[in-house]
file work_0.pdb (PDB, C-alpha atoms and all ligand atoms)
ATOM      1  CA  MET A  14       0.000   0.000   0.000
ATOM      2  CA  ASN A  15       1.321   3.460  -0.928
ATOM      3  CA  ALA A  16       1.876   5.312   2.396
ATOM      4  CA  PHE A  17       0.871   8.581   0.715
ATOM      5  CA  SER A  18      -2.487   7.248  -0.492
ATOM      6  CA  LEU A  19      -5.744   8.210   1.250
ATOM      7  CA  LYS A  20      -7.647   5.165  -0.043
ATOM      8  CA  SER A  21     -10.122   3.809   2.539
ATOM      9  CA  LYS A  22      -9.802   7.003   4.628
ATOM     10  CA  ARG A  23     -12.910   9.041   5.438
ATOM     11  CA  LEU A  24     -12.299  12.732   6.153
ATOM     12  CA  LEU A  25     -14.353  15.748   7.224
ATOM     13  CA  ILE A  26     -13.262  19.000   5.536
ATOM     14  CA  THR A  27     -14.531  22.233   7.100
ATOM     15  CA  GLY A  28     -14.397  25.534   5.194
ATOM     16  CA  ALA A  29     -14.751  23.424   2.034
ATOM     17  CA  SER A  30     -16.825  26.031   0.188
ATOM     18  CA  SER A  31     -13.771  28.213  -0.467
ATOM     19  CA  GLY A  32     -10.013  28.653  -0.577
ATOM     20  CA  LEU A  33      -7.848  26.192   1.312
ATOM     21  CA  GLY A  34     -10.708  23.939   2.434
ATOM     22  CA  ARG A  35     -11.810  23.517  -1.180
ATOM     23  CA  ALA A  36      -8.256  22.797  -2.361
ATOM     24  CA  VAL A  37      -7.685  20.232   0.404
ATOM     25  CA  ALA A  38     -11.004  18.547  -0.431
ATOM     26  CA  VAL A  39     -10.076  18.229  -4.113
ATOM     27  CA  ALA A  40      -6.531  16.988  -3.378
ATOM     28  CA  ALA A  41      -7.708  14.501  -0.719
ATOM     29  CA  SER A  42     -10.336  13.073  -3.067
ATOM     30  CA  GLU A  43      -7.677  12.775  -5.764
ATOM     31  CA  ALA A  44      -5.550  10.811  -3.273
ATOM     32  CA  GLY A  45      -8.465   8.398  -2.789
ATOM     33  CA  ALA A  46     -10.270   9.670   0.359
ATOM     34  CA  SER A  47     -14.053   9.615   0.872
ATOM     35  CA  LEU A  48     -15.182  12.996   2.090
ATOM     36  CA  VAL A  49     -17.802  14.845   4.039
ATOM     37  CA  ILE A  50     -17.415  18.496   3.065
ATOM     38  CA  THR A  51     -19.013  21.333   4.973
ATOM     39  CA  GLY A  52     -19.437  25.118   4.794
ATOM     40  CA  ARG A  53     -22.260  27.679   4.983
ATOM     41  CA  ASN A  54     -22.717  28.735   1.360
ATOM     42  CA  THR A  55     -24.711  26.043  -0.477
ATOM     43  CA  GLU A  56     -23.854  27.195  -3.991
ATOM     44  CA  ARG A  57     -20.087  27.336  -3.402
ATOM     45  CA  LEU A  58     -20.094  24.079  -1.421
ATOM     46  CA  LYS A  59     -21.841  22.384  -4.386
ATOM     47  CA  GLU A  60     -19.149  23.827  -6.680
ATOM     48  CA  THR A  61     -16.505  22.107  -4.524
ATOM     49  CA  PHE A  62     -18.563  18.903  -4.528
ATOM     50  CA  GLN A  63     -18.580  18.878  -8.327
ATOM     51  CA  LYS A  64     -14.780  19.194  -8.409
ATOM     52  CA  LEU A  65     -14.210  16.079  -6.233
ATOM     53  CA  HIS A  66     -12.683  12.936  -7.724
ATOM     54  CA  GLY A  67     -14.593   9.684  -7.107
ATOM     55  CA  ASP A  68     -18.194   9.432  -5.971
ATOM     56  CA  ASP A  69     -18.254   8.424  -2.301
ATOM     57  CA  HIS A  70     -18.705  11.950  -0.940
ATOM     58  CA  VAL A  71     -21.359  13.908   0.952
ATOM     59  CA  PHE A  72     -21.891  17.626   1.523
ATOM     60  CA  LEU A  73     -23.553  19.072   4.610
ATOM     61  CA  ILE A  74     -24.322  22.736   5.274
ATOM     62  CA  ALA A  75     -23.476  24.021   8.785
ATOM     63  CA  ASP A  76     -22.672  27.301  10.520
ATOM     64  CA  LEU A  77     -19.955  26.203  12.940
ATOM     65  CA  THR A  78     -20.600  29.116  15.290
ATOM     66  CA  ASN A  79     -24.028  27.627  15.950
ATOM     67  CA  GLU A  80     -24.208  24.829  18.527
ATOM     68  CA  SER A  81     -27.225  23.075  17.051
ATOM     69  CA  ASP A  82     -25.641  23.161  13.566
ATOM     70  CA  ILE A  83     -22.528  21.492  15.036
ATOM     71  CA  ASN A  84     -24.649  18.823  16.721
ATOM     72  CA  ASN A  85     -26.718  18.184  13.555
ATOM     73  CA  LEU A  86     -23.556  17.908  11.497
ATOM     74  CA  VAL A  87     -21.834  15.533  13.902
ATOM     75  CA  THR A  88     -24.924  13.326  14.217
ATOM     76  CA  GLN A  89     -24.895  12.775  10.443
ATOM     77  CA  LEU A  90     -21.171  11.966  10.228
ATOM     78  CA  PRO A  91     -19.701   8.505   9.719
ATOM     79  CA  LEU A  92     -16.605   7.379  11.652
ATOM     80  CA  LEU A  93     -13.696   9.594  10.576
ATOM     81  CA  ASN A  94      -9.980   9.059   9.921
ATOM     82  CA  GLY A  95      -9.311  12.765   9.825
ATOM     83  CA  VAL A  96     -10.623  16.323  10.014
ATOM     84  CA  PHE A  97      -9.326  19.474   8.324
ATOM     85  CA  PHE A  98     -10.232  22.589  10.302
ATOM     86  CA  SER A  99     -10.167  25.391   7.727
ATOM     87  CA  VAL A 100     -13.136  27.359   9.050
ATOM     88  CA  GLY A 101     -12.084  30.966   9.573
ATOM     89  CA  VAL A 102     -12.485  34.648   8.806
ATOM     90  CA  SER A 103      -9.885  37.344   8.353
ATOM     91  CA  ALA A 104      -9.932  40.448  10.553
ATOM     92  CA  ILE A 105      -7.504  43.355  10.583
ATOM     93  CA  LEU A 106      -8.128  45.882  13.292
ATOM     94  CA  PRO A 107      -5.706  48.157  15.154
ATOM     95  CA  ALA A 108      -5.707  47.508  18.909
ATOM     96  CA  SER A 109      -7.528  50.731  19.784
ATOM     97  CA  PHE A 110     -10.536  49.664  17.627
ATOM     98  CA  ILE A 111     -11.032  46.221  19.193
ATOM     99  CA  THR A 112     -14.378  45.935  20.980
ATOM    100  CA  ARG A 113     -15.910  43.171  23.072
ATOM    101  CA  GLU A 114     -18.410  42.495  20.279
ATOM    102  CA  LYS A 115     -15.776  42.236  17.532
ATOM    103  CA  LEU A 116     -13.533  40.088  19.714
ATOM    104  CA  LEU A 117     -16.358  37.677  20.537
ATOM    105  CA  SER A 118     -17.364  37.451  16.889
ATOM    106  CA  ASP A 119     -13.781  36.787  15.710
ATOM    107  CA  MET A 120     -12.992  34.273  18.459
ATOM    108  CA  SER A 121     -16.290  32.534  17.853
ATOM    109  CA  VAL A 122     -15.279  31.590  14.273
ATOM    110  CA  ASN A 123     -11.493  31.384  14.470
ATOM    111  CA  PHE A 124     -11.114  29.676  17.840
ATOM    112  CA  MET A 125     -14.377  28.460  19.358
ATOM    113  CA  ALA A 126     -15.795  26.843  16.192
ATOM    114  CA  PRO A 127     -12.901  24.373  15.690
ATOM    115  CA  VAL A 128     -12.621  23.687  19.425
ATOM    116  CA  LEU A 129     -16.329  23.023  19.969
ATOM    117  CA  LEU A 130     -16.576  20.914  16.807
ATOM    118  CA  THR A 131     -13.688  18.826  18.175
ATOM    119  CA  THR A 132     -15.469  18.427  21.525
ATOM    120  CA  SER A 133     -18.604  17.229  19.773
ATOM    121  CA  LEU A 134     -16.644  14.773  17.592
ATOM    122  CA  LEU A 135     -14.901  13.346  20.662
ATOM    123  CA  LYS A 136     -18.090  13.064  22.742
ATOM    124  CA  SER A 137     -19.882  11.354  19.857
ATOM    125  CA  LYS A 138     -16.928   8.987  19.342
ATOM    126  CA  LYS A 139     -16.726   9.823  15.638
ATOM    127  CA  LEU A 140     -12.915   9.624  15.460
ATOM    128  CA  VAL A 141     -11.354   6.231  14.709
ATOM    129  CA  ASN A 142      -8.920   5.319  17.476
ATOM    130  CA  GLY A 143      -5.473   4.417  16.165
ATOM    131  CA  LYS A 144      -6.050   5.823  12.684
ATOM    132  CA  CYS A 145      -7.065   9.443  12.853
ATOM    133  CA  SER A 146      -5.387  12.760  12.085
ATOM    134  CA  LEU A 147      -6.709  16.204  13.067
ATOM    135  CA  LEU A 148      -5.222  19.158  11.164
ATOM    136  CA  TYR A 149      -5.881  22.758  12.241
ATOM    137  CA  MET A 150      -5.149  25.841  10.135
ATOM    138  CA  SER A 151      -3.017  28.439  11.821
ATOM    139  CA  THR A 152      -0.955  31.187  10.291
ATOM    140  CA  ILE A 153       2.710  32.087   9.898
ATOM    141  CA  SER A 154       1.661  35.412  11.438
ATOM    142  CA  THR A 155       1.764  33.829  14.926
ATOM    143  CA  VAL A 156       5.550  33.902  14.397
ATOM    144  CA  TYR A 157       5.869  36.935  12.059
ATOM    145  CA  PRO A 158       2.946  39.198  13.044
ATOM    146  CA  PHE A 159       1.494  42.110  11.087
ATOM    147  CA  VAL A 160       0.086  45.428  12.305
ATOM    148  CA  GLY A 161      -3.654  45.174  12.974
ATOM    149  CA  GLY A 162      -3.575  41.392  13.387
ATOM    150  CA  GLY A 163      -4.206  41.399  17.157
ATOM    151  CA  MET A 164      -7.571  39.614  17.119
ATOM    152  CA  TYR A 165      -6.950  37.246  14.209
ATOM    153  CA  ILE A 166      -3.414  36.241  15.203
ATOM    154  CA  SER A 167      -4.396  35.759  18.862
ATOM    155  CA  ALA A 168      -7.208  33.415  17.845
ATOM    156  CA  ARG A 169      -4.796  31.414  15.678
ATOM    157  CA  ALA A 170      -2.153  31.330  18.447
ATOM    158  CA  ALA A 171      -4.865  30.034  20.772
ATOM    159  CA  ILE A 172      -5.598  27.228  18.295
ATOM    160  CA  GLU A 173      -1.904  26.316  18.265
ATOM    161  CA  GLY A 174      -1.867  26.045  22.080
ATOM    162  CA  TYR A 175      -5.083  24.040  22.054
ATOM    163  CA  ALA A 176      -3.777  21.663  19.389
ATOM    164  CA  ARG A 177      -0.584  20.937  21.293
ATOM    165  CA  VAL A 178      -2.588  20.031  24.398
ATOM    166  CA  LEU A 179      -4.949  17.926  22.299
ATOM    167  CA  ALA A 180      -1.982  16.078  20.772
ATOM    168  CA  LEU A 181      -0.997  15.000  24.302
ATOM    169  CA  GLU A 182      -4.541  14.139  25.377
ATOM    170  CA  LEU A 183      -5.318  12.073  22.283
ATOM    171  CA  ALA A 184      -1.961  10.313  21.834
ATOM    172  CA  PRO A 185      -3.097   7.343  23.991
ATOM    173  CA  LYS A 186      -5.970   6.854  21.519
ATOM    174  CA  GLY A 187      -3.592   6.981  18.558
ATOM    175  CA  ILE A 188      -5.180  10.205  17.278
ATOM    176  CA  ARG A 189      -2.629  12.650  15.845
ATOM    177  CA  VAL A 190      -3.029  16.430  16.061
ATOM    178  CA  ASN A 191      -1.071  19.023  14.067
ATOM    179  CA  CYS A 192      -1.221  22.643  12.890
ATOM    180  CA  LEU A 193      -0.226  24.272   9.622
ATOM    181  CA  ARG A 194       1.227  27.756  10.036
ATOM    182  CA  SER A 195       0.566  28.899   6.521
ATOM    183  CA  GLY A 196       2.058  31.922   4.835
ATOM    184  CA  PHE A 197      -0.149  34.058   2.613
ATOM    185  CA  VAL A 198      -1.973  32.073  -0.058
ATOM    186  CA  ARG A 199      -4.114  33.333  -2.939
ATOM    187  CA  THR A 200      -7.700  32.707  -1.721
ATOM    188  CA  PRO A 201     -10.844  34.858  -1.258
ATOM    189  CA  MET A 202      -9.602  35.512   2.307
ATOM    190  CA  LEU A 203      -6.416  37.098   0.961
ATOM    191  CA  ASP A 204      -8.503  39.222  -1.437
ATOM    192  CA  GLN A 205     -10.547  40.385   1.537
ATOM    193  CA  THR A 206      -7.410  41.174   3.547
ATOM    194  CA  ALA A 207      -6.055  43.157   0.579
ATOM    195  CA  ARG A 208      -9.304  45.144   0.423
ATOM    196  CA  ILE A 209      -8.841  46.074   4.096
ATOM    197  CA  SER A 210      -5.098  46.727   3.816
ATOM    198  CA  GLN A 211      -3.149  46.293   0.575
ATOM    199  CA  GLU A 212      -0.146  47.526   2.564
ATOM    200  CA  VAL A 213      -0.240  44.453   4.846
ATOM    201  CA  VAL A 214      -0.489  42.071   1.862
ATOM    202  CA  SER A 215       2.299  43.780  -0.130
ATOM    203  CA  LYS A 216       4.583  43.772   2.906
ATOM    204  CA  ILE A 217       3.995  40.083   3.589
ATOM    205  CA  GLU A 218       4.427  39.211  -0.083
ATOM    206  CA  SER A 219       7.868  40.842   0.012
ATOM    207  CA  GLN A 220       8.729  38.686   3.055
ATOM    208  CA  GLN A 221       7.875  35.370   1.329
ATOM    209  CA  PRO A 222      10.907  34.587  -0.864
ATOM    210  CA  LEU A 223       8.938  32.052  -2.942
ATOM    211  CA  GLY A 224       6.055  34.514  -3.264
ATOM    212  CA  ILE A 225       2.373  34.176  -2.374
ATOM    213  CA  GLY A 226       1.310  30.514  -2.278
ATOM    214  CA  ASN A 227      -1.413  28.730  -4.212
ATOM    215  CA  PRO A 228      -4.109  26.739  -2.384
ATOM    216  CA  ASP A 229      -2.692  23.522  -3.849
ATOM    217  CA  ASP A 230       0.632  24.195  -2.064
ATOM    218  CA  VAL A 231      -1.211  23.825   1.246
ATOM    219  CA  ALA A 232      -3.440  21.019  -0.011
ATOM    220  CA  GLN A 233      -0.596  18.646  -0.917
ATOM    221  CA  THR A 234       0.958  19.148   2.539
ATOM    222  CA  ALA A 235      -2.417  18.482   4.168
ATOM    223  CA  VAL A 236      -2.692  15.191   2.224
ATOM    224  CA  PHE A 237       0.633  14.128   3.782
ATOM    225  CA  TYR A 238      -0.739  14.811   7.297
ATOM    226  CA  PHE A 239      -3.802  12.615   6.609
ATOM    227  CA  ALA A 240      -1.745   9.804   5.045
ATOM    228  CA  ASP A 241      -0.048   6.925   6.885
ATOM    229  CA  ALA A 242       3.271   8.447   5.726
ATOM    230  CA  SER A 243       2.910  10.898   8.648
ATOM    231  CA  LYS A 244       1.796   8.305  11.234
ATOM    232  CA  TRP A 245       4.603   9.298  13.658
ATOM    233  CA  VAL A 246       3.969  13.053  13.342
ATOM    234  CA  SER A 247       1.937  14.765  16.072
ATOM    235  CA  GLY A 248       2.047  18.015  18.063
ATOM    236  CA  THR A 249       3.768  19.947  15.251
ATOM    237  CA  ASN A 250       3.269  23.492  13.923
ATOM    238  CA  LEU A 251       4.614  23.326  10.383
ATOM    239  CA  ILE A 252       5.672  26.632   8.856
ATOM    240  CA  LEU A 253       4.549  26.533   5.252
ATOM    241  CA  GLY A 254       5.501  29.954   4.131
ATOM    242  CA  GLY A 255       7.307  30.209   0.836
ATOM    243  CA  GLY A 256      10.789  30.207   2.344
TER
HETATM  244  N1  LIG B 301      -5.387  32.398   2.763
HETATM  245  C1  LIG B 301      -4.336  32.613   3.499
HETATM  246  O1  LIG B 301      -3.391  33.310   3.100
HETATM  247  C2  LIG B 301      -4.238  31.982   4.863
HETATM  248  C3  LIG B 301      -2.990  32.040   5.513
HETATM  249  C4  LIG B 301      -2.872  31.466   6.775
HETATM  250  C5  LIG B 301      -3.955  30.860   7.367
HETATM  251  N2  LIG B 301      -5.156  30.826   6.729
HETATM  252  C6  LIG B 301      -6.247  30.172   7.437
HETATM  253  O2  LIG B 301      -6.769  29.141   6.608
HETATM  254  C7  LIG B 301      -8.188  29.018   6.809
HETATM  255  C8  LIG B 301      -8.880  29.068   5.463
HETATM  256  O3  LIG B 301      -8.558  30.294   4.828
HETATM  257  P1  LIG B 301      -9.008  30.587   3.333
HETATM  258  O4  LIG B 301      -8.001  31.509   2.794
HETATM  259  O5  LIG B 301      -9.335  29.317   2.651
HETATM  260  O6  LIG B 301     -10.352  31.433   3.624
HETATM  261  P2  LIG B 301     -11.695  31.543   2.782
HETATM  262  O7  LIG B 301     -11.442  31.296   1.333
HETATM  263  O8  LIG B 301     -12.327  32.821   3.193
HETATM  264  O9  LIG B 301     -12.555  30.314   3.365
HETATM  265  C9  LIG B 301     -13.020  30.344   4.676
HETATM  266  C10 LIG B 301     -13.977  29.181   4.871
HETATM  267  O10 LIG B 301     -14.472  29.216   6.206
HETATM  268  C11 LIG B 301     -15.877  29.017   6.165
HETATM  269  N3  LIG B 301     -16.553  29.668   7.272
HETATM  270  C12 LIG B 301     -16.407  30.965   7.705
HETATM  271  N4  LIG B 301     -17.238  31.187   8.735
HETATM  272  C13 LIG B 301     -17.904  30.013   8.957
HETATM  273  C14 LIG B 301     -18.885  29.596   9.894
HETATM  274  N5  LIG B 301     -19.371  30.432  10.830
HETATM  275  N6  LIG B 301     -19.343  28.322   9.843
HETATM  276  C15 LIG B 301     -18.876  27.464   8.907
HETATM  277  N7  LIG B 301     -17.938  27.782   7.987
HETATM  278  C16 LIG B 301     -17.471  29.049   8.024
HETATM  279  C17 LIG B 301     -16.314  29.655   4.859
HETATM  280  O11 LIG B 301     -17.575  29.104   4.529
HETATM  281  P3  LIG B 301     -18.709  29.941   3.699
HETATM  282  O12 LIG B 301     -17.952  30.709   2.651
HETATM  283  O13 LIG B 301     -19.557  28.850   3.144
HETATM  284  O14 LIG B 301     -19.371  30.802   4.690
HETATM  285  C18 LIG B 301     -15.179  29.232   3.926
HETATM  286  O15 LIG B 301     -15.423  27.954   3.407
HETATM  287  C19 LIG B 301      -8.585  30.146   7.741
HETATM  288  O16 LIG B 301      -8.766  29.592   9.002
HETATM  289  C20 LIG B 301      -7.405  31.089   7.735
HETATM  290  O17 LIG B 301      -7.234  31.715   8.965
HETATM  291  C21 LIG B 301      -5.308  31.364   5.495
END
call {"tool": "encode", "arguments": {"input": "work_0.pdb", "output": "C-alpha cells", "more": "lines below"}}
Ligand SMILES: NC(=O)c1ccc[n+]([C@@H]2O[C@H](COP(=O)([O-])OP(=O)(O)OC[C@H]3O[C@@H](n4cnc5c(N)ncnc54)[C@H](OP(=O)(O)O)[C@@H]3O)[C@@H](O)[C@H]2O)c1
result
Amino acid sequence: MNAFSLKSKRLLITGASSGLGRAVAVAASEAGASLVITGRNTERLKETFQKLHGDDHVFLIADLTNESDINNLVTQLPLLNGVFFSVGVSAILPASFITREKLLSDMSVNFMAPVLLTTSLLKSKKLVNGKCSLLYMSTISTVYPFVGGGMYISARAAIEGYARVLALELAPKGIRVNCLRSGFVRTPMLDQTARISQEVVSKIESQQPLGIGNPDDVAQTAVFYFADASKWVSGTNLILGGG
C-alpha cells in the first residue's frame, strides 16, 4: 500500500466552500479519500462537490458558530480518519478599535468553532482510534505578526496552544493532532485582507521569498498529514511559508 495514499480514509473537511478547504477537499479526493465536506454557502459548497474525484462523498451545510448546527452535522457523520479545520475569517483591526463584540465574533469563528466541533466529535466517538489525524489551520503570522492582526493572530495562536494540548490528550488513543502555520496564499480571504489593507499584503508578499502561495501548495501538505506516511507526526506546527 502506498503510504501517501488516502484510499479507505474518510475525512471531514470544514471551510470546504472556499479557498484552502476547497483545495484540500479536491486533493484529498484525488488521493483516494471519501469525504464529508461542509461550509455555509450552499452554492459554493456544491461547486466544490462537483470538483471532487470519485463518488463516495457527501456535503452538509453548517454554521460552525451555531451549537445546534454542530450537533446536527456531527450526528450525520460517519466514523472519521481525519478532520481538516479550515473554518475561519480574516480580521484586521488596530488595537484601539477592538471591541468586546468584535472580539467575541472573531474568536467565535477562528477559535471556538474548531474547538467546539472537536469536543462534539470526541463526545460522539466519531474519530477512529489508532487511525485518525486532526489538522488545524493556523498562520505564519503567529511567528511573524502584522500590524492590525491582534484579534486574528491571537485566535490562531490560541488554536496552536489548544492543538498541542490535544496532541498529548489524544496520543493514547492513537489520534494525531497538528497545525499548519501557513504563509499568505491566494484565496478569497487574501482578497478580503487586501481590500482592508493592501499595505499588509504587499509587505507580507515581500517577506515570502517564494512569493504568495497557491491553495494547492497547502493542499498537498495536508494530504501528507492525513496519510499513513505521517503516522509518527503529532504536536507539530509546520511553517509553510514560501521560504
Ligand atoms: N489564505 C491565506 O493566506 C491563509 C494564511 C494562513 C492561514 N489561513 C487560514 O486558513 C483558513 C482558510 O482560509 P481561506 O483563505 O481558505 O479562507 P476563505 O477562502 O475565506 O474560506 C473560509 C472558509 O471558512 C468558512 N466559514 C467561515 N465562517 C464560517 C462559519 N461560521 N461556519 C462554517 N464555515 C465558516 C467559509 O464558509 P462559507 O464561505 O460557506 O461561509 C469558507 O469555506 C482560515 O482559518 C485562515 O485563517 C489562510
call {"tool": "residues_near_ligand", "arguments": {"input": "work_0.pdb", "ligand": "ligand LIG 301 (chain B)", "cutoff": "6 Å", "atoms": "all atoms listed in the file", "output": "number ranges by chain"}}
result
A: 28-34, 52-54, 75-78, 99-102, 122, 150-152, 195-203
call {"tool": "atom_distance", "arguments": {"input": "work_0.pdb", "atom1": "CA of Phe237 in chain A", "atom2": "CA of Arg23 in chain A"}}
result
14.6 Å
call {"tool": "residues_around", "arguments": {"input": "work_0.pdb", "residues": "Lys144 in chain A", "least_positions_apart": "5", "cutoff": "8 Å", "atoms": "all atoms listed in the file", "output": "list in words"}}
result
Asn94, Gly187 and Ile188 of chain A
call {"tool": "resolve_selection", "arguments": {"input": "work_0.pdb", "expression": "the PyMOL selection byres (((chain A and resi 145) around 8) and not hetatm)", "output": "list of chain:residue names"}}
result
A:Leu93, A:Asn94, A:Gly95, A:Leu140, A:Val141, A:Asn142, A:Gly143, A:Lys144, A:Ser146, A:Leu147, A:Gly187, A:Ile188, A:Arg189, A:Phe239
call {"tool": "axis_aligned_box", "arguments": {"input": "work_0.pdb", "around": "range 45-50 of chain A", "padding_each_side": "6 Å", "output": "AutoDock Vina command-line options"}}
result
--center_x -13.1 --center_y 13.4 --center_z 0.6 --size_x 21.3 --size_y 22.1 --size_z 18.8
call {"tool": "residues_near_point", "arguments": {"input": "work_0.pdb", "point": "(5.1, 13.3, 10.7)", "cutoff": "12 Å", "atoms": "only C-alpha atoms", "output": "NGL selection string"}}
result
:A and (16-17 or 146 or 148 or 189-192 or 234-251)
call {"tool": "write_last_selection", "arguments": {"input": "work_0.pdb", "atoms": "C-alpha atoms", "output": "PDB file, keeping the file's coordinate frame"}}
result
ATOM      1  CA  ALA A  16       1.876   5.312   2.396  1.00  0.00           C
ATOM      2  CA  PHE A  17       0.871   8.581   0.715  1.00  0.00           C
ATOM      3  CA  SER A 146      -5.387  12.760  12.085  1.00  0.00           C
ATOM      4  CA  LEU A 148      -5.222  19.158  11.164  1.00  0.00           C
ATOM      5  CA  ARG A 189      -2.629  12.650  15.845  1.00  0.00           C
ATOM      6  CA  VAL A 190      -3.029  16.430  16.061  1.00  0.00           C
ATOM      7  CA  ASN A 191      -1.071  19.023  14.067  1.00  0.00           C
ATOM      8  CA  CYS A 192      -1.221  22.643  12.890  1.00  0.00           C
ATOM      9  CA  THR A 234       0.958  19.148   2.539  1.00  0.00           C
ATOM     10  CA  ALA A 235      -2.417  18.482   4.168  1.00  0.00           C
ATOM     11  CA  VAL A 236      -2.692  15.191   2.224  1.00  0.00           C
ATOM     12  CA  PHE A 237       0.633  14.128   3.782  1.00  0.00           C
ATOM     13  CA  TYR A 238      -0.739  14.811   7.297  1.00  0.00           C
ATOM     14  CA  PHE A 239      -3.802  12.615   6.609  1.00  0.00           C
ATOM     15  CA  ALA A 240      -1.745   9.804   5.045  1.00  0.00           C
ATOM     16  CA  ASP A 241      -0.048   6.925   6.885  1.00  0.00           C
ATOM     17  CA  ALA A 242       3.271   8.447   5.726  1.00  0.00           C
ATOM     18  CA  SER A 243       2.910  10.898   8.648  1.00  0.00           C
ATOM     19  CA  LYS A 244       1.796   8.305  11.234  1.00  0.00           C
ATOM     20  CA  TRP A 245       4.603   9.298  13.658  1.00  0.00           C
ATOM     21  CA  VAL A 246       3.969  13.053  13.342  1.00  0.00           C
ATOM     22  CA  SER A 247       1.937  14.765  16.072  1.00  0.00           C
ATOM     23  CA  GLY A 248       2.047  18.015  18.063  1.00  0.00           C
ATOM     24  CA  THR A 249       3.768  19.947  15.251  1.00  0.00           C
ATOM     25  CA  ASN A 250       3.269  23.492  13.923  1.00  0.00           C
ATOM     26  CA  LEU A 251       4.614  23.326  10.383  1.00  0.00           C
TER      27      LEU A 251
END
call {"tool": "resolve_selection", "arguments": {"input": "work_0.pdb", "expression": "the PyMOL selection byres (((chain A and resi 118) around 12) and not hetatm)", "output": "PyMOL selection string"}}
result
chain A and resi 78-79+101-104+111-117+119-126+164-165+168
call {"tool": "atom_distance", "arguments": {"input": "work_0.pdb", "atom1": "CA of Thr88 in chain A", "atom2": "CA of Tyr149 in chain A"}}
result
21.3 Å
call {"tool": "resolve_selection", "arguments": {"input": "work_0.pdb", "expression": "the PyMOL selection byres (((chain A and resi 40) around 8) and not hetatm)", "output": "list in words"}}
result
Ala36, Val37, Ala38, Val39, Ala41, Ser42, Glu43, Ala44, Asp229, Ala232, Gln233 and Val236 of chain A
call {"tool": "closest_residue", "arguments": {"input": "work_0.pdb", "among": "A:Ala171, A:Ile252, A:Leu179, A:Ala46", "to": "Gly67 in chain A", "atoms": "all atoms listed in the file"}}
result
A:Ala46
call {"tool": "closest_residue", "arguments": {"input": "work_0.pdb", "among": "A:Asn227, A:Ser133, A:Thr55, A:Asn84", "to": "Gly255 in chain A", "atoms": "only C-alpha atoms"}}
result
A:Asn227
call {"tool": "closest_residue", "arguments": {"input": "work_0.pdb", "among": "A:Val213, A:Arg177, A:Arg35, A:Val128", "to": "Thr61 in chain A", "atoms": "all atoms listed in the file"}}
result
A:Arg35
call {"tool": "atom_distance", "arguments": {"input": "work_0.pdb", "atom1": "CA of Ser167 in chain A", "atom2": "CA of Leu58 in chain A"}}
result
28.2 Å
call {"tool": "closest_residue", "arguments": {"input": "work_0.pdb", "among": "A:Gly256, A:Gly45, A:Gly161, A:Pro91", "to": "Pro107 in chain A", "atoms": "only C-alpha atoms"}}
result
A:Gly161
call {"tool": "closest_residue", "arguments": {"input": "work_0.pdb", "among": "A:Leu253, A:Leu183, A:Val160, A:Val178", "to": "Glu212 in chain A", "atoms": "all atoms listed in the file"}}
result
A:Val160
